[in-house]
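With compact mmCIF, C-alpha atoms and all ligand atoms inside, this is structure19.txt:
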# COMPACT_ATOMS: atom_id res chain seq x y z
CA MET A 1 72.62 -71.62 10.49
CA LYS A 2 68.86 -71.81 10.04
CA LEU A 3 68.68 -75.33 8.64
CA TRP A 4 70.08 -78.34 10.48
CA LYS A 5 70.42 -81.58 8.56
CA LEU A 6 69.62 -84.61 10.66
CA SER A 7 70.56 -88.15 9.67
CA ALA A 8 67.46 -90.04 8.53
CA GLY A 9 67.43 -92.09 11.78
CA THR A 10 67.89 -88.98 13.93
CA ASP A 11 65.15 -87.20 12.00
CA ALA A 12 62.70 -90.02 12.81
CA ILE A 13 63.52 -89.86 16.54
CA VAL A 14 63.38 -86.07 16.69
CA ALA A 15 60.02 -86.06 14.89
CA GLY A 16 58.74 -88.74 17.29
CA ARG A 17 58.15 -91.22 14.45
CA LYS A 18 58.40 -94.96 15.00
CA THR A 19 61.28 -96.52 13.07
CA ARG A 20 61.42 -100.04 11.74
CA SER A 21 65.17 -100.12 12.30
CA ASP A 22 66.53 -102.77 14.65
CA ALA A 23 69.00 -100.14 15.87
CA PRO A 24 67.83 -96.55 16.24
CA PRO A 25 70.63 -94.00 16.72
CA SER A 26 71.58 -93.40 20.35
CA THR A 27 73.29 -90.16 19.27
CA ALA A 28 71.64 -87.36 17.28
CA TYR A 29 73.73 -86.92 14.14
CA VAL A 30 73.56 -83.41 12.73
CA MET A 31 75.32 -82.10 9.62
CA LEU A 32 75.79 -78.37 9.27
CA GLY A 33 76.76 -76.73 5.99
CA GLU A 34 77.37 -78.38 2.66
CA ARG A 35 80.12 -78.76 0.13
CA CYS A 36 83.35 -78.78 2.03
CA ARG A 37 86.31 -76.76 0.79
CA ASN A 38 88.46 -79.89 1.17
CA ASN A 39 88.55 -82.73 -1.32
CA CYS A 40 88.76 -86.04 0.56
CA ARG A 41 88.50 -88.78 -2.06
CA PHE A 42 86.15 -90.91 0.07
CA CYS A 43 83.69 -88.18 1.02
CA THR A 44 80.38 -87.27 -0.58
CA GLN A 45 80.65 -83.70 0.73
CA ALA A 46 84.05 -83.07 -0.88
CA ARG A 47 84.55 -80.00 -3.06
CA GLU A 48 84.46 -82.02 -6.28
CA SER A 49 82.02 -84.73 -5.21
CA GLY A 50 79.15 -85.44 -7.56
CA ALA A 51 76.87 -86.71 -4.77
CA GLY A 52 73.81 -84.81 -3.57
CA ALA A 53 74.38 -82.19 -0.88
CA ASN A 54 72.11 -84.21 1.43
CA MET A 55 74.39 -87.27 1.48
CA LEU A 56 77.19 -88.10 3.92
CA SER A 57 78.60 -91.60 3.62
CA ARG A 58 75.59 -93.93 3.08
CA VAL A 59 73.19 -91.72 5.00
CA THR A 60 70.69 -89.11 3.75
CA TRP A 61 70.27 -85.98 5.83
CA PRO A 62 66.89 -84.22 5.55
CA GLY A 63 66.91 -80.54 6.55
CA THR A 64 64.97 -79.32 9.59
CA ALA A 65 64.56 -75.78 10.98
CA ALA A 66 67.27 -75.29 13.63
CA ALA A 67 64.84 -74.40 16.44
CA GLU A 68 62.73 -77.47 15.70
CA ALA A 69 65.81 -79.72 15.58
CA ILE A 70 67.11 -78.38 18.90
CA ALA A 71 63.73 -78.78 20.62
CA GLY A 72 63.35 -82.31 19.21
CA ILE A 73 66.84 -83.36 20.30
CA ASP A 74 66.19 -82.06 23.80
CA THR A 75 62.82 -83.82 24.10
CA ALA A 76 64.36 -87.11 22.94
CA TYR A 77 67.30 -86.64 25.34
CA VAL A 78 65.02 -85.99 28.31
CA ALA A 79 62.96 -89.06 27.34
CA GLY A 80 66.13 -91.18 27.20
CA ARG A 81 65.85 -91.91 23.47
CA LEU A 82 69.03 -89.98 22.63
CA LYS A 83 72.12 -89.83 24.82
CA ARG A 84 74.40 -87.48 22.88
CA ALA A 85 74.41 -85.06 19.94
CA CYS A 86 77.16 -85.06 17.34
CA LEU A 87 77.50 -81.95 15.18
CA GLN A 88 79.47 -82.62 12.01
CA VAL A 89 80.31 -79.27 10.54
CA VAL A 90 81.35 -79.29 6.90
CA ASP A 91 84.48 -77.21 6.45
CA ASN A 92 83.64 -74.05 4.61
CA GLY A 93 85.86 -71.81 6.66
CA GLY A 94 86.37 -70.92 10.31
CA VAL A 95 85.00 -72.31 13.53
CA ALA A 96 82.31 -69.67 14.06
CA THR A 97 79.47 -71.75 12.54
CA ALA A 98 80.29 -74.69 14.78
CA ALA A 99 80.62 -72.52 17.90
CA ALA A 100 77.28 -70.81 17.26
CA ALA A 101 75.51 -74.14 16.71
CA VAL A 102 77.02 -75.67 19.85
CA ALA A 103 76.03 -72.59 21.85
CA SER A 104 72.43 -72.67 20.68
CA LEU A 105 72.05 -76.40 21.42
CA SER A 106 73.78 -76.15 24.82
CA ALA A 107 71.65 -73.16 25.83
CA ALA A 108 68.51 -75.22 25.25
CA SER A 109 69.53 -78.70 26.39
CA MET A 110 71.73 -80.69 28.76
CA VAL A 111 72.49 -83.23 26.01
CA PRO A 112 76.27 -83.90 25.83
CA VAL A 113 77.52 -82.45 22.56
CA CYS A 114 80.42 -83.63 20.44
CA VAL A 115 81.51 -81.43 17.57
CA SER A 116 83.56 -82.40 14.56
CA SER A 117 84.64 -79.30 12.71
CA HIS A 118 87.67 -78.09 10.84
CA LEU A 119 89.99 -76.67 13.47
CA GLU A 120 93.25 -74.80 12.92
CA THR A 121 94.42 -74.32 16.50
CA VAL A 122 93.97 -75.51 20.07
CA ALA A 123 92.31 -72.13 20.69
CA ASP A 124 89.61 -73.16 18.16
CA ALA A 125 89.02 -76.38 20.11
CA LYS A 126 88.81 -74.45 23.39
CA ARG A 127 86.33 -72.07 21.80
CA LEU A 128 84.03 -75.01 21.02
CA ILE A 129 84.36 -76.34 24.57
CA ALA A 130 83.67 -72.84 25.95
CA ALA A 131 80.54 -72.72 23.75
CA GLY A 132 79.28 -75.85 25.52
CA ALA A 133 80.73 -78.87 23.70
CA GLU A 134 81.53 -81.84 25.92
CA ARG A 135 83.98 -83.28 23.38
CA ILE A 136 85.63 -82.33 20.11
CA CYS A 137 86.70 -84.54 17.23
CA VAL A 138 89.72 -83.87 15.03
CA ALA A 139 89.43 -86.44 12.27
CA LEU A 140 92.71 -87.94 11.09
CA ASP A 141 90.88 -90.43 8.82
CA ALA A 142 94.14 -91.81 7.40
CA ALA A 143 96.51 -93.97 9.45
CA THR A 144 99.73 -92.75 7.83
CA PRO A 145 101.13 -89.64 6.12
CA GLN A 146 101.39 -91.57 2.82
CA VAL A 147 97.75 -92.68 2.89
CA TYR A 148 96.70 -89.18 3.95
CA SER A 149 98.42 -87.64 0.94
CA GLU A 150 96.60 -90.04 -1.38
CA ALA A 151 93.17 -89.74 0.22
CA LYS A 152 93.08 -86.13 1.39
CA GLU A 153 94.56 -82.69 0.95
CA GLY A 154 96.89 -81.21 3.53
CA ASP A 155 99.46 -82.73 5.80
CA TRP A 156 99.06 -85.70 8.18
CA GLN A 157 101.85 -84.48 10.48
CA GLU A 158 100.18 -81.11 10.91
CA ARG A 159 96.86 -82.79 11.71
CA TRP A 160 98.55 -85.18 14.15
CA ARG A 161 100.27 -82.27 15.89
CA LEU A 162 96.95 -80.47 16.27
CA LEU A 163 95.14 -83.62 17.46
CA THR A 164 97.75 -84.40 20.12
CA ALA A 165 97.98 -80.76 21.22
CA CYS A 166 94.17 -80.71 21.65
CA ALA A 167 94.33 -83.98 23.61
CA ALA A 168 96.99 -82.52 25.91
CA ALA A 169 95.02 -79.30 26.44
CA LEU A 170 91.62 -81.00 26.84
CA PRO A 171 92.32 -84.38 28.45
CA GLY A 172 89.60 -86.99 28.00
CA ARG A 173 87.58 -84.77 25.67
CA VAL A 174 89.13 -85.46 22.28
CA SER A 175 88.17 -88.05 19.66
CA THR A 176 89.44 -88.87 16.21
CA HIS A 177 88.22 -90.96 13.29
CA LEU A 178 90.32 -93.58 11.52
CA ILE A 179 89.09 -95.23 8.33
CA VAL A 180 90.14 -98.80 7.57
CA GLY A 181 90.62 -99.53 3.88
CA LEU A 182 92.18 -96.35 2.47
CA GLY A 183 95.36 -98.20 1.51
CA GLU A 184 97.11 -98.64 4.87
CA THR A 185 98.28 -102.02 6.17
CA GLU A 186 96.72 -103.62 9.22
CA GLU A 187 99.97 -103.07 11.09
CA GLU A 188 99.98 -99.36 10.22
CA MET A 189 96.40 -99.07 11.45
CA ALA A 190 97.27 -100.87 14.71
CA ASP A 191 100.21 -98.49 15.19
CA ALA A 192 98.02 -95.43 14.58
CA ILE A 193 95.37 -96.63 17.04
CA ALA A 194 98.03 -97.42 19.64
CA ALA A 195 99.57 -93.95 19.22
CA CYS A 196 96.15 -92.30 19.68
CA ILE A 197 95.27 -94.31 22.76
CA GLU A 198 98.67 -93.61 24.27
CA LYS A 199 97.87 -89.88 23.96
CA GLY A 200 94.42 -90.31 25.55
CA ILE A 201 92.57 -89.87 22.24
CA THR A 202 89.34 -91.81 21.71
CA VAL A 203 89.22 -93.58 18.35
CA GLY A 204 86.10 -94.03 16.23
CA LEU A 205 86.81 -96.75 13.66
CA PHE A 206 85.15 -96.59 10.27
CA ALA A 207 85.26 -98.89 7.26
CA PHE A 208 85.94 -97.21 3.95
CA THR A 209 82.58 -97.14 2.17
CA PRO A 210 82.46 -96.55 -1.58
CA VAL A 211 79.63 -94.09 -2.21
CA LYS A 212 78.30 -92.86 -5.54
CA GLY A 213 79.62 -89.40 -6.38
CA ALA A 214 82.77 -89.61 -4.23
CA ALA A 215 86.12 -89.71 -6.09
CA TRP A 216 86.79 -93.22 -4.79
CA ALA A 217 83.30 -94.53 -5.59
CA ASP A 218 84.77 -97.44 -7.54
CA ARG A 219 87.16 -98.69 -4.87
CA SER A 220 86.26 -101.66 -2.72
CA ALA A 221 85.31 -101.67 0.95
CA PRO A 222 87.87 -103.53 3.11
CA PRO A 223 87.50 -107.30 3.46
CA ILE A 224 85.64 -108.10 6.65
CA GLY A 225 88.55 -110.19 8.00
CA ARG A 226 90.85 -107.19 7.90
CA TYR A 227 88.27 -105.00 9.65
CA ARG A 228 87.61 -107.60 12.36
CA ARG A 229 91.36 -107.97 13.12
CA VAL A 230 91.67 -104.19 13.46
CA GLN A 231 88.59 -104.11 15.71
CA VAL A 232 90.14 -106.75 17.99
CA ALA A 233 93.43 -104.83 18.05
CA HIS A 234 91.55 -101.65 18.96
CA HIS A 235 89.57 -103.47 21.65
CA LEU A 236 92.74 -104.82 23.26
CA LEU A 237 94.55 -101.48 23.15
CA ARG A 238 91.53 -99.74 24.71
CA ARG A 239 91.58 -102.28 27.50
CA GLY A 240 95.18 -101.54 28.38
CA TYR A 241 97.05 -104.26 26.44
CA GLY A 242 100.31 -103.07 24.92
CA ARG A 243 101.04 -102.84 21.20
CA GLU A 244 103.10 -106.04 21.53
CA ALA A 245 99.86 -107.98 22.06
CA ILE A 246 99.13 -107.49 18.35
CA VAL A 247 101.34 -109.78 16.31
CA CYS A 248 102.05 -108.66 12.77
CA ARG A 249 103.96 -110.06 9.87
CA GLY A 250 104.40 -108.48 6.45
CA GLY A 251 101.98 -105.68 7.38
CA ALA A 252 99.14 -108.05 8.35
CA ILE A 253 97.87 -108.88 11.83
CA THR A 254 98.62 -112.57 12.17
CA GLY A 255 97.57 -113.15 15.76
CA PHE A 256 97.15 -111.79 19.25
CA ALA A 257 99.53 -112.64 22.09
CA VAL A 258 96.75 -112.71 24.68
CA THR A 259 95.65 -115.62 26.83
CA GLY A 260 91.93 -116.37 26.89
CA LEU A 261 91.14 -114.16 23.92
CA PRO A 262 87.86 -115.88 22.91
CA GLU A 263 86.54 -115.33 26.45
CA LEU A 264 87.68 -111.71 26.30
CA LEU A 265 85.72 -111.20 23.09
CA ALA A 266 82.66 -113.17 24.18
CA ASP A 267 80.52 -110.11 24.96
CA GLY A 268 80.85 -108.87 21.35
CA ALA A 269 81.93 -105.37 22.48
CA ALA A 270 84.97 -105.44 20.17
CA PHE A 271 82.69 -105.50 17.14
CA ARG A 272 80.36 -102.68 18.15
CA THR A 273 80.59 -99.12 16.85
CA SER A 274 83.44 -97.30 18.55
CA GLY A 275 84.09 -93.64 19.29
CA CYS A 276 82.54 -91.17 21.70
CA PRO A 277 80.32 -92.69 24.44
CA ASP A 278 76.88 -93.72 23.10
CA CYS A 279 77.83 -93.19 19.44
CA ASN A 280 76.39 -96.08 17.41
CA ARG A 281 76.16 -94.62 13.84
CA PRO A 282 73.60 -97.18 12.60
CA TYR A 283 74.07 -98.18 8.95
CA TYR A 284 76.66 -95.49 8.33
CA ASN A 285 79.03 -98.02 6.74
CA GLU A 286 76.54 -100.87 6.34
CA ARG A 287 73.64 -101.79 4.14
CA PRO A 288 70.74 -103.37 6.05
CA GLY A 289 71.25 -107.11 5.64
CA GLY A 290 74.82 -106.55 4.34
CA VAL A 291 78.22 -106.88 6.02
CA MET A 292 78.07 -105.44 9.54
CA TYR A 293 81.39 -103.69 9.99
CA ASN A 294 80.19 -101.90 13.14
CA TYR A 295 77.30 -103.37 15.11
CA PRO A 296 75.14 -100.47 16.37
CA ARG A 297 73.62 -102.65 19.12
CA LEU A 298 74.42 -105.65 21.34
CA LEU A 299 75.42 -108.71 19.32
CA THR A 300 73.71 -112.06 19.64
CA ALA A 301 75.92 -115.00 20.67
CA ALA A 302 75.80 -116.27 17.08
CA GLU A 303 76.86 -112.87 15.69
CA THR A 304 79.77 -112.71 18.13
CA ALA A 305 80.88 -116.23 17.19
CA ARG A 306 80.72 -115.29 13.49
CA ALA A 307 82.67 -112.05 14.06
CA ILE A 308 85.40 -113.96 15.93
CA ALA A 309 85.58 -116.53 13.12
CA GLU A 310 85.80 -113.69 10.57
CA CYS A 311 89.03 -112.57 12.26
CA GLU A 312 90.63 -115.71 10.78
CA VAL A 313 93.44 -115.66 13.34
CA ILE A 314 91.65 -116.62 16.55
CA GLY A 315 91.04 -120.18 17.73
CA GLY A 316 90.69 -123.21 15.45
CA GLY A 317 91.20 -122.66 11.76
CA ALA A 318 93.45 -119.67 12.43
CA ARG A 319 95.61 -118.80 9.43
CA ALA A 320 98.47 -117.99 11.81
CA VAL A 321 99.00 -117.94 15.53
CA ALA A 322 100.60 -115.50 17.90
CA GLY A 323 104.35 -115.74 17.87
CA ASP A 324 104.50 -118.46 15.20
S1 LIG B 1 82.78 -90.84 17.35
FE1 LIG B 1 80.58 -90.59 16.91
S2 LIG B 1 79.85 -88.94 18.29
FE2 LIG B 1 82.11 -88.86 18.24
S3 LIG B 1 82.57 -87.37 16.60
FE3 LIG B 1 82.63 -89.42 15.67
S4 LIG B 1 80.56 -89.71 14.84
FE4 LIG B 1 80.46 -88.02 16.34
Represent the structure contained in this file as structure tokens.
Amino acid sequence: MKLWKLSAGTDAIVAGRKTRSDAPPSTAYVMLGERCRNNCRFCTQARESGAGANMLSRVTWPGTAAAEAIAGIDTAYVAGRLKRACLQVVDNGGVATAAAAVASLSAASMVPVCVSSHLETVADAKRLIAAGAERICVALDAATPQVYSEAKEGDWQERWRLLTACAAALPGRVSTHLIVGLGETEEEMADAIAACIEKGITVGLFAFTPVKGAAWADRSAPPIGRYRRVQVAHHLLRRGYGREAIVCRGGAITGFAVTGLPELLADGAAFRTSGCPDCNRPYYNERPGGVMYNYPRLLTAAETARAIAECEVIGGGARAVAGD
């Protein structure tokens, strides 16, 4: 592929431009291909999307010659301005495009590469690792089969089988994406995250973002309280707490059966972008100055306090308490 599309923030770093952003990307985000053959209702690259081919979620992706992009990513990596590269390959058939792109980047740079591409088999995933990828991502997106069938084409069970088979074959090298706000309950999302973590799968949490041109452009983003509770659940599960630490009633998370939870959340890490190491996806789900679903940087003490309060179930003023 001769043209690599870099996210606007990545493009600025690769071109050596100063950005005014308070949070430059720590990963180079690269989109390869356009117009997916799938039809996810939330995606601007879907087959029937009316959005421009240079849009993915809220981000614009200017095109750059592949050689220039690779050289720029390597220079920024060596200088410490980028720590990872994430290749998001739009599904227009086969894994060959992704494998070739991974191979050309890995031949030129030591940057750890994560690749998110449509895979059919574990052999496809191994082919990407053999080409030089450090990690692969098999996006589930939806927490349950029901939500999957409403939001996407294909079969959740099939995807889950592939994801878990990849995780078993490539331990510690597999990520997935889960999107909060596609119609699942908080409890279903907590269950899906717990199941992934139990299988050794790294979860990148996203908030559903209505974007012009996508089929679900008119739906609402999830309320921040719901997203914060899921973030805390994810944080606890990642740190080894069992699923029973997340208390649910009627599909909602109503509390956390954990002693000293405010102290555990005091560093703000629960509310930062999650996923592969060093992936911060700045302003992927957020408008500058708008609701910060995922913080792409360290939080201030005031931001952490606000995020904890937004959970609505922790400390004073909680709408419910663990085990009530
Ligand atoms: S978690 Fe981040 S680096 Fe990993 S595949 Fe997702 S977007 Fe890419």
* Counting all atoms listed in the file, which protein, DNA or RNA residues come within 9 Å of ligand LIG 1 (chain B), given as a ChimeraX atom specification? -> /A:27-29,84-88,113-116,135-139,174-177,202-205,273-281
* To do: Could you jot down the CA of Thr304 in chain A to CA of Gly268 in chain A separation for me, Å, one decimal place?
  =>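 Atom-to-atom, CA of Thr304 in chain A and CA of Gly268 in chain A are spaced 5.1 Å apart.
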* Å distance separating CA of Trp156 in chain A from CA of Ala100 in chain A, one decimal place ->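 Rounded to one decimal, the two atoms are 27.9 Å apart.
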* Find the residues around Ala151 in chain A up to 9 Å (all atoms listed in the file counted), leave out those fewer than 6 positions away in its own chain, and share them as a list in words. =>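 Using all atoms listed in the file, the neighbours found are Asn39, Cys40, Arg41, Phe42, Asp141, Ala142, Leu182, Gly183 and Trp216 of chain A.
Closest approach to Gly33 in chain A from the set A:Ala131, A:Leu6, A:Cys311, A:Met110 is made by A:Leu6, with distances taken over only C-alpha atoms.
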* Which residue, A:Val258, A:Val211, A:Val89, A:Leu236, has the smallest gap to Thr60 in chain A when you use only C-alpha atoms? ->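 Using only C-alpha atoms, Thr60 in chain A sits closest to A:Val211.
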* To do: Go through A:Asp155, A:Asp124, A:Glu310, A:Glu286 and flag the residue nearest Ala169 in chain A, using all atoms listed in the file for the distances.
  =>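 Of all the options, A:Asp124 lies closest to Ala169 in chain A.
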